[in-house]
Structure formats: structure tokens, C-alpha cells
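*Asks:* Sharing protein.csv below, CSV, C-alpha atoms:
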```
chain,number,residue,atom,x,y,z
A,1,MET,CA,145.0,177.1,89.6
A,2,LEU,CA,146.5,174.1,91.3
A,3,PRO,CA,144.5,172.1,93.8
A,4,LEU,CA,145.5,172.8,97.4
A,5,LEU,CA,147.1,169.3,97.9
A,6,ASP,CA,149.2,169.7,94.8
A,7,ALA,CA,150.4,173.1,95.8
A,8,LYS,CA,151.3,171.9,99.3
A,9,LEU,CA,153.1,168.9,97.9
A,10,LEU,CA,155.1,170.9,95.5
A,11,GLU,CA,156.1,173.3,98.2
A,12,MET,CA,157.3,170.4,100.4
A,13,ILE,CA,159.3,168.9,97.5
A,14,LYS,CA,160.9,172.2,96.7
A,15,ASN,CA,162.3,172.5,100.2
A,16,PRO,CA,165.3,170.2,100.7
A,17,LYS,CA,164.3,169.6,104.4
A,18,THR,CA,160.8,168.3,103.5
A,19,ARG,CA,161.6,166.8,100.1
A,20,ASP,CA,161.6,163.2,101.2
A,21,LYS,CA,158.4,163.6,103.1
A,22,GLY,CA,156.8,165.3,100.2
A,23,PHE,CA,157.8,162.5,97.9
A,24,GLU,CA,156.4,160.0,100.4
A,25,ILE,CA,153.0,161.8,100.4
A,26,LEU,CA,153.0,162.0,96.6
A,27,ILE,CA,153.5,158.2,96.4
A,28,ASP,CA,150.9,157.6,99.1
A,29,THR,CA,148.4,159.9,97.3
A,30,TYR,CA,148.7,158.4,93.8
A,31,GLN,CA,150.1,154.9,94.2
A,32,LYS,CA,146.8,153.0,94.1
A,33,ARG,CA,145.4,154.7,91.1
A,34,VAL,CA,148.7,154.6,89.2
A,35,TYR,CA,149.2,150.9,90.1
A,36,GLY,CA,145.6,150.1,89.0
A,37,MET,CA,146.0,151.8,85.7
A,38,VAL,CA,149.4,150.1,85.0
A,39,ARG,CA,148.3,146.7,86.2
A,40,LYS,CA,145.4,146.7,83.7
A,41,MET,CA,147.9,147.3,81.0
A,42,VAL,CA,150.7,144.9,81.9
A,43,ILE,CA,148.5,142.3,83.8
A,44,ILE,CA,151.3,140.7,85.7
A,45,HIS,CA,151.8,142.1,89.3
A,46,GLU,CA,155.6,141.9,89.2
A,47,ASP,CA,155.7,143.8,86.0
A,48,ALA,CA,153.3,146.4,87.3
A,49,ASP,CA,155.5,146.8,90.4
A,50,ASP,CA,158.5,147.5,88.3
A,51,VAL,CA,156.7,150.0,86.1
A,52,VAL,CA,155.1,151.8,89.1
A,53,GLN,CA,158.5,152.2,90.7
A,54,GLU,CA,160.0,153.6,87.5
A,55,ILE,CA,157.0,156.0,87.1
A,56,PHE,CA,157.5,157.6,90.6
A,57,ILE,CA,161.3,157.8,90.2
A,58,LYS,CA,160.8,159.5,86.8
A,59,ALA,CA,158.3,161.9,88.5
A,60,PHE,CA,160.8,162.8,91.2
A,61,LYS,CA,163.5,163.4,88.6
A,62,ASN,CA,161.3,165.6,86.5
A,63,ILE,CA,159.1,167.3,89.1
A,64,HIS,CA,161.0,170.6,88.5
A,65,LYS,CA,159.6,170.6,85.0
A,66,PHE,CA,156.0,170.4,86.2
A,67,SER,CA,154.5,173.7,85.1
A,68,GLY,CA,151.2,173.5,86.9
A,69,ASN,CA,149.2,173.8,83.7
A,70,SER,CA,147.4,170.5,84.6
A,71,SER,CA,146.8,168.8,87.9
A,72,LEU,CA,149.6,166.7,89.4
A,73,PHE,CA,147.3,163.7,88.9
A,74,THR,CA,147.1,164.3,85.1
A,75,TRP,CA,150.8,164.8,85.0
A,76,MET,CA,151.5,161.6,87.0
A,77,TYR,CA,149.1,159.7,84.7
A,78,ARG,CA,150.8,161.1,81.6
A,79,ILE,CA,154.1,159.6,82.9
A,80,ALA,CA,152.2,156.3,83.7
A,81,VAL,CA,150.7,156.1,80.2
A,82,ASN,CA,154.1,156.6,78.6
A,83,GLU,CA,155.9,154.2,80.9
A,84,SER,CA,153.2,151.5,80.5
A,85,LEU,CA,153.3,151.7,76.7
A,86,ASN,CA,157.2,151.8,76.7
A,87,PHE,CA,157.3,148.7,78.9
A,88,LEU,CA,154.9,146.8,76.6
A,89,GLU,CA,157.0,147.8,73.6
A,90,LYS,CA,160.2,146.7,75.2
A,91,LYS,CA,158.7,143.5,76.3
A,92,LYS,CA,157.6,142.7,72.8
A,93,LYS,CA,161.1,143.4,71.5
A,94,ARG,CA,162.9,141.4,74.2
A,95,SER,CA,160.5,138.4,74.2
A,96,PHE,CA,161.5,135.3,72.3
A,97,SER,CA,157.8,134.2,72.0
A,98,SER,CA,155.4,135.6,69.5
A,99,ILE,CA,152.6,138.1,70.4
A,100,GLU,CA,150.0,135.3,70.2
A,101,GLU,CA,152.1,133.1,72.6
A,102,HIS,CA,152.4,136.0,75.0
A,103,HIS,CA,148.6,136.7,74.8
A,104,GLU,CA,148.0,133.0,75.6
A,105,PHE,CA,150.4,133.3,78.6
A,106,LEU,CA,148.5,136.4,79.9
A,107,LYS,CA,145.2,134.6,79.4
A,108,SER,CA,146.4,131.7,81.5
A,109,TYR,CA,147.7,134.2,84.1
A,110,LEU,CA,144.2,135.6,84.3
A,111,ASP,CA,142.9,132.2,85.1
A,112,GLN,CA,145.5,130.9,87.4
A,113,SER,CA,147.4,133.7,89.3
A,114,PRO,CA,146.7,134.1,93.0
A,115,TYR,CA,146.7,137.8,92.3
A,116,ILE,CA,143.6,137.7,90.2
A,117,ASP,CA,140.1,137.9,91.7
A,118,GLY,CA,136.6,138.0,90.2
A,119,ASP,CA,134.3,135.6,88.6
A,120,GLU,CA,134.4,134.0,85.1
A,121,ILE,CA,132.6,136.8,83.4
A,122,GLN,CA,135.0,139.4,84.7
A,123,ARG,CA,138.0,137.4,83.7
A,124,GLN,CA,136.4,136.9,80.2
A,125,LEU,CA,136.0,140.7,80.0
A,126,GLN,CA,139.7,141.1,80.7
A,127,LYS,CA,140.6,138.6,78.1
A,128,ALA,CA,138.4,140.5,75.6
A,129,ILE,CA,140.2,143.8,76.5
A,130,LEU,CA,143.5,142.0,76.0
A,131,LYS,CA,142.6,141.4,72.4
A,132,LEU,CA,142.6,145.1,71.6
A,133,PRO,CA,145.6,147.0,70.3
A,134,GLU,CA,147.6,148.5,73.2
A,135,LYS,CA,146.6,152.2,72.7
A,136,GLN,CA,143.0,151.2,72.3
A,137,ARG,CA,143.2,149.1,75.4
A,138,LEU,CA,144.7,152.1,77.3
A,139,ILE,CA,141.9,154.4,76.1
A,140,PHE,CA,139.2,151.9,77.0
A,141,ASN,CA,140.7,151.3,80.5
A,142,LEU,CA,141.0,155.0,81.2
A,143,ARG,CA,137.5,155.7,80.1
A,144,TYR,CA,135.6,152.6,81.3
A,145,TYR,CA,137.5,151.8,84.6
A,146,GLU,CA,139.0,155.1,85.6
A,147,GLU,CA,136.0,157.0,84.4
A,148,LEU,CA,138.1,159.9,83.2
A,149,SER,CA,136.7,162.5,80.8
A,150,TYR,CA,137.8,162.5,77.2
A,151,GLU,CA,139.4,165.9,77.8
A,152,GLU,CA,141.6,164.5,80.6
A,153,ILE,CA,142.5,161.4,78.5
A,154,SER,CA,143.3,163.7,75.6
A,155,LYS,CA,145.9,165.6,77.8
A,156,MET,CA,147.4,162.3,79.0
A,157,THR,CA,147.7,160.6,75.6
A,158,ASP,CA,148.2,163.5,73.2
A,159,THR,CA,145.1,162.3,71.2
A,160,THR,CA,142.2,164.5,70.0
A,161,VAL,CA,138.9,164.1,71.8
A,162,GLY,CA,137.3,163.1,68.5
A,163,GLY,CA,139.9,160.4,68.0
A,164,LEU,CA,139.4,159.2,71.6
A,165,LYS,CA,135.6,158.9,71.2
A,166,ALA,CA,135.9,157.0,68.0
A,167,GLY,CA,138.6,154.7,69.5
A,168,TYR,CA,136.6,154.0,72.6
A,169,HIS,CA,133.3,153.1,70.8
A,170,HIS,CA,135.2,150.9,68.4
A,171,ALA,CA,136.9,149.2,71.3
A,172,ALA,CA,133.6,148.7,73.2
A,173,LYS,CA,132.0,147.2,70.1
A,174,LYS,CA,134.8,144.7,69.7
A,175,ILE,CA,134.6,143.7,73.3
A,176,GLU,CA,130.9,143.2,73.2
A,177,GLU,CA,131.2,141.0,70.1
A,178,PHE,CA,133.8,138.9,71.8
A,179,MET,CA,131.8,138.7,75.0
A,180,LYS,CA,128.6,137.6,73.1
A,181,GLY,CA,130.6,134.7,71.6
A,182,THR,CA,131.9,133.5,75.0
A,183,VAL,CA,129.3,134.2,77.7
A,184,ASN,CA,125.6,134.7,77.8
A,185,LEU,CA,125.0,138.4,78.6
B,1,MET,CA,128.7,145.1,78.8
B,2,ASN,CA,126.5,147.1,81.1
B,3,ASN,CA,125.4,143.9,82.8
B,4,ILE,CA,128.9,143.2,84.0
B,5,PRO,CA,129.7,144.9,87.3
B,6,LYS,CA,132.8,147.1,87.1
B,7,LYS,CA,135.0,145.3,89.6
B,8,ASN,CA,138.8,145.5,89.9
B,9,ILE,CA,139.9,141.9,89.7
B,10,TYR,CA,143.6,142.6,90.1
B,11,LYS,CA,144.9,141.9,93.6
B,12,VAL,CA,148.2,142.7,95.2
B,13,PRO,CA,150.2,140.8,97.9
B,14,GLU,CA,149.3,141.7,101.4
B,15,GLY,CA,150.9,144.9,102.7
B,16,TYR,CA,152.0,145.9,99.2
B,17,PHE,CA,150.8,149.5,99.3
B,18,GLU,CA,152.0,150.0,102.8
B,19,ALA,CA,155.6,149.1,101.8
B,20,LEU,CA,155.6,150.7,98.4
B,21,PRO,CA,156.5,154.3,99.3
B,22,SER,CA,159.6,153.2,101.3
B,23,ARG,CA,160.6,150.8,98.5
B,24,ILE,CA,160.4,153.5,95.9
B,25,LEU,CA,162.3,156.0,98.0
B,26,MET,CA,165.0,153.3,98.6
B,27,ALA,CA,165.2,152.5,94.9
B,28,LYS,CA,165.5,156.3,94.1
B,29,LYS,CA,168.4,156.7,96.6
B,30,LYS,CA,170.1,153.7,95.1
B,31,LYS,CA,169.7,155.1,91.6
B,32,ASP,CA,171.0,158.5,92.8
B,33,ARG,CA,174.0,156.8,94.3
B,34,ARG,CA,174.6,154.9,91.2
B,35,ILE,CA,174.4,158.1,89.1
B,36,TYR,CA,176.8,159.8,91.5
B,37,ILE,CA,179.3,156.9,91.4
B,38,SER,CA,179.2,156.6,87.6
B,39,GLY,CA,179.6,160.4,87.4
B,40,MET,CA,182.7,160.2,89.6
B,41,VAL,CA,184.1,157.3,87.5
B,42,ALA,CA,183.4,159.2,84.3
B,43,ALA,CA,185.1,162.3,85.7
B,44,ALA,CA,188.1,160.2,86.8
B,45,ILE,CA,188.3,158.7,83.3
B,46,VAL,CA,188.2,162.1,81.7
B,47,VAL,CA,190.9,163.4,84.0
B,48,ILE,CA,193.1,160.4,83.4
B,49,GLY,CA,192.4,160.7,79.7
B,50,ILE,CA,193.5,164.3,79.7
B,51,LEU,CA,196.6,163.5,81.7
B,52,VAL,CA,197.6,160.7,79.3
B,53,PHE,CA,196.8,163.0,76.3
B,54,VAL,CA,198.9,165.8,77.7
B,55,PHE,CA,202.0,163.8,78.7
B,56,GLN,CA,202.1,160.5,77.1
B,57,PRO,CA,201.3,161.0,73.4
B,58,GLU,CA,203.9,163.7,73.0
B,59,GLU,CA,206.6,161.4,74.1
B,60,GLU,CA,205.2,158.6,72.1
B,61,GLN,CA,204.9,160.7,69.0
B,62,GLU,CA,208.5,161.8,69.4
B,63,ASN,CA,209.6,158.2,69.9
B,64,TYR,CA,207.6,157.1,66.9
B,65,TYR,CA,209.1,159.8,64.7
B,66,GLN,CA,212.6,159.1,65.9
B,67,SER,CA,212.3,155.3,65.3
B,68,ASN,CA,211.0,156.1,61.8
B,69,VAL,CA,213.9,158.3,61.0
B,70,ASN,CA,216.4,155.7,62.4
B,71,GLU,CA,214.9,153.0,60.3
B,72,GLU,CA,215.1,155.2,57.2
B,73,VAL,CA,218.7,156.2,57.9
B,74,GLU,CA,219.7,152.5,58.4
B,75,PHE,CA,218.0,151.6,55.1
B,76,TYR,CA,219.9,154.2,53.2
B,77,ILE,CA,223.2,153.2,54.8
B,78,HIS,CA,222.7,149.4,54.3
B,79,THR,CA,221.6,149.7,50.7
B,80,GLY,CA,224.5,151.9,49.9
B,81,ILE,CA,222.4,154.8,48.8
B,82,TRP,CA,224.4,157.0,51.2
B,83,GLY,CA,228.2,156.8,51.0
B,84,ASP,CA,230.6,157.7,53.8
B,85,GLU,CA,230.9,161.3,52.6
B,86,GLU,CA,227.2,161.8,52.5
B,87,ILE,CA,226.8,160.4,56.0
B,88,LEU,CA,229.5,162.7,57.2
B,89,LEU,CA,227.9,165.7,55.5
B,90,LEU,CA,224.6,164.9,57.1
B,91,ALA,CA,226.1,164.7,60.6
B,92,GLU,CA,225.9,167.7,62.9
B,93,ASN,CA,229.6,167.4,63.8
B,94,PRO,CA,231.6,165.8,60.9
B,95,ASN,CA,235.0,167.1,62.1
B,96,GLU,CA,234.6,165.5,65.5
B,97,ILE,CA,233.5,162.2,63.9
B,98,LEU,CA,236.5,162.2,61.6
B,99,ASP,CA,238.8,162.9,64.5
B,100,GLN,CA,237.2,160.1,66.5
B,101,ILE,CA,237.7,157.7,63.5
B,102,THR,CA,241.3,158.7,63.1
B,103,LEU,CA,242.0,158.3,66.7
B,104,GLU,CA,240.4,154.8,66.8
B,105,GLU,CA,242.3,153.7,63.7
B,106,TRP,CA,245.7,155.0,64.8
B,107,GLU,CA,245.4,154.3,68.4
B,108,GLY,CA,247.4,151.0,68.8
B,109,MET,CA,250.2,152.2,66.6
B,110,ASN,CA,253.7,153.3,67.8
B,111,TYR,CA,255.4,155.9,65.8
B,112,ASP,CA,259.0,156.1,65.2
B,113,ALA,CA,259.7,159.8,64.8
B,114,GLU,CA,262.9,159.1,63.0
B,115,GLU,CA,261.3,156.6,60.6
B,116,LEU,CA,258.6,159.2,59.9
B,117,MET,CA,261.3,161.7,59.1
B,118,ASN,CA,262.9,159.2,56.8
B,119,TYR,CA,259.7,158.7,55.0
B,120,GLU,CA,259.4,162.4,54.7
B,121,ILE,CA,263.0,162.6,53.3
B,122,LEU,CA,262.2,159.8,50.9
B,123,TYR,CA,259.1,161.4,49.7
```
Do you think you could lay out the structure here as C-alpha cells?

*Replies:*
Amino acid sequence: MLPLLDAKLLEMIKNPKTRDKGFEILIDTYQKRVYGMVRKMVIIHEDADDVVQEIFIKAFKNIHKFSGNSSLFTWMYRIAVNESLNFLEKKKKRSFSSIEEHHEFLKSYLDQSPYIDGDEIQRQLQKAILKLPEKQRLIFNLRYYEELSYEEISKMTDTTVGGLKAGYHHAAKKIEEFMKGTVNL
Amino acid sequence: MNNIPKKNIYKVPEGYFEALPSRILMAKKKKDRRIYISGMVAAAIVVIGILVFVFQPEEEQENYYQSNVNEEVEFYIHTGIWGDEEILLLAENPNEILDQITLEEWEGMNYDAEELMNYEILY
């Protein structure tokens, strides 16, 4: 059964008279969490802004396909996961610089951008996460920062729970090794 | 890793989340309008294409076929493959053409009926 807010939102979106208001509430409800998840993947604010807009526009376009088998949040996150990975893939193809150069650029962004907060250790942690392959990075972020269950992540990423557990522990180990080499934990 | 506090280090410009819903809705409307306009343009192109296909090509095909036939006929005449008789036989109205040729050739001539009679007598 759908949570009350989801049901109410869908009802509003179905009605042409309240559709725009419904969309506005949908954005208002999920924007911070969706942005947070995307930003951890793409790092740069302007890129995250583009991806988030695209996610919501896609959600509006496909809301009629939402079957209600999962919560609206899981469905929104599923779109966010796909869009983030697609964005990173496109960026790699379009970019004239190598993957290593791009990583260097993101690392300097973490040190210098006005849209980055936190102390040295937290920035180092982000740099360690950046070293992971994209899908592993995504799983790590969803589990560690968003504190989602493996079952929820499984629905969002089409990966088995066993695969997710192994992936997460592998990622955490790699991050710890990197962190040991750079800061005194 | 447990010693590191789980803090979100990613900041956004001031007022970003307050403005985001209206920005997204505006972007959606723009996209919808673009889709509508490109749909109209596509429909117009299809209609024009159909009109051109229905009217123009038939005429063009006919012209193309006719010019090919003309070229072929001219080739046969100039190379002498076809003689006068063959050309006349191929024509739809050989008698009319013959009359026309006769008329053109004899047009400027005055006949002396008597002289003609003499010829007739002589022959």
C-alpha cells in the first residue's frame, strides 16, 4: 500500500486542475534528498543542478507508468540513480581529458570550490570515495550516507542483495586503506 | 572510518532549494513547448511531403519519361537508323503530315493549268 503522501500526490497529479501544484509538492518533498544523492556522484554543483532538473522532468513525463509497487521515493531514486550514471558516462565520452585528469580536477574542486564545506578529513574521505568505480561509489553512498537498506538499494539498482553487500564491504575496505595512508585515524 | 563524522560537505548557493521547484516547472514547460513546436513542424513537413509526392513526382516522372523518349527518337533520326518512311509509319497521323509537307513544298508555286494539260498530253 502506498504511503498517504504518495497517494495524495498522485491524486493531485492525475487531476489536470491540481497537476502543477502536485508536481511542485513532489519536487519540494524529494529535492533535497535527490540533490544530495546526485551531488555525491557528480561532485560539481552545476552538474548536479542539471541532473536534478532532468530527473524531475523525467519523473513528470513517466509518472503515469508508476505502478505503486514501490514507494514514490524508491521510484524517484531509481530515476536518480540511472540519470546520475548516464550523466557520468556521457561526461566521460564527451570529455577530451583522460579519466585521471578528470579525477584530478574533481579533487581540486573538493579543495577549492566555495560550495564545499567540511574539514580536511571529510574532504579526504570524499577523495577516497572518488577512487572507487562509479557503481561501487553509488552503492557506498546510498548505504553509508543515505543509510538505505540493502533491499531498497537492490530495488533502485537492479542488483542482488548479496552482490550489494559484497560490493559495499569491498568499497569500505578500499576507502579505509586509502584513508590510513593519508590521515591518522 | 567510524571515527569520521558523517557530515554532508556539499553546499548549495543561497536560496537554491527555494527556487528549484519553479525552475524545474519552467524548464518542463519550455520542454513541452519545444516538443509541441517540433511536433507541429514534423506534421507540417509530413503534409508538405505528401503533397509533393502526390502532385509533383507524377508530373516529373512524366516529363522525365517524355524527355527520354524524345532523346531516343532524335538519336535514331540523326544517326539515320530511321528513314522517312519509318518515321511516317511511327507517327499517329501520317496522312496529315504528308499533306502538310506537300502543302509546304508546293505552296509558293503557280500552276498554269494549260501547261499542266500539255504535260499530261505529252506524257

*Asks:* May I ask for the distance between atom CA of A:Met179 and atom CA of A:Arg123, given in Å to one decimal place?

*Replies:*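 One can read the atom CA of A:Met179 to atom CA of A:Arg123 distance as 10.8 Å.
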
*Asks:* Which residues of chain A are close to chain B, meaning at most 10 Å apart when you count all atoms listed in the file, and how do they look as a count of residues only?

*Replies:* 52

*Asks:* Which residue is closest to A:Glu146? Choose from A:Leu9, A:Val38, A:Leu130, A:Leu4 and count all atoms listed in the file.

*Replies:*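 Ranked by minimum distance to A:Glu146, first place goes to A:Val38.
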
*Asks:* Measure the distance from atom CA of A:Ser84 to atom CA of A:Tyr168 in Å and round it to one decimal.

*Replies:* 18.6 Å

*Asks:* For the atom pair atom CA of A:Asn141 and atom CA of A:Gln124, what is the interatomic distance in Å to one decimal place?

*Replies:*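 Those two atoms sit 15.0 Å apart.
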
*Asks:* Within 12 Å of stretch 150-161 of chain A, counting all atoms listed in the file, which residues show up once you throw out same-chain ones fewer than 5 positions away? Write them as a list in words, please.

*Replies:*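 Here the qualifying residues turn out to be Asn69, Ser70, Ser71, Leu72, Phe73, Thr74, Trp75, Met76, Tyr77, Arg78, Ile79, Ala80, Val81, Asn82, Glu83, Ser84, Leu85, Lys135, Gln136, Leu138, Ile139, Phe140, Asn141, Leu142, Arg143, Tyr144, Ala166, Gly167 and Tyr168 of chain A.
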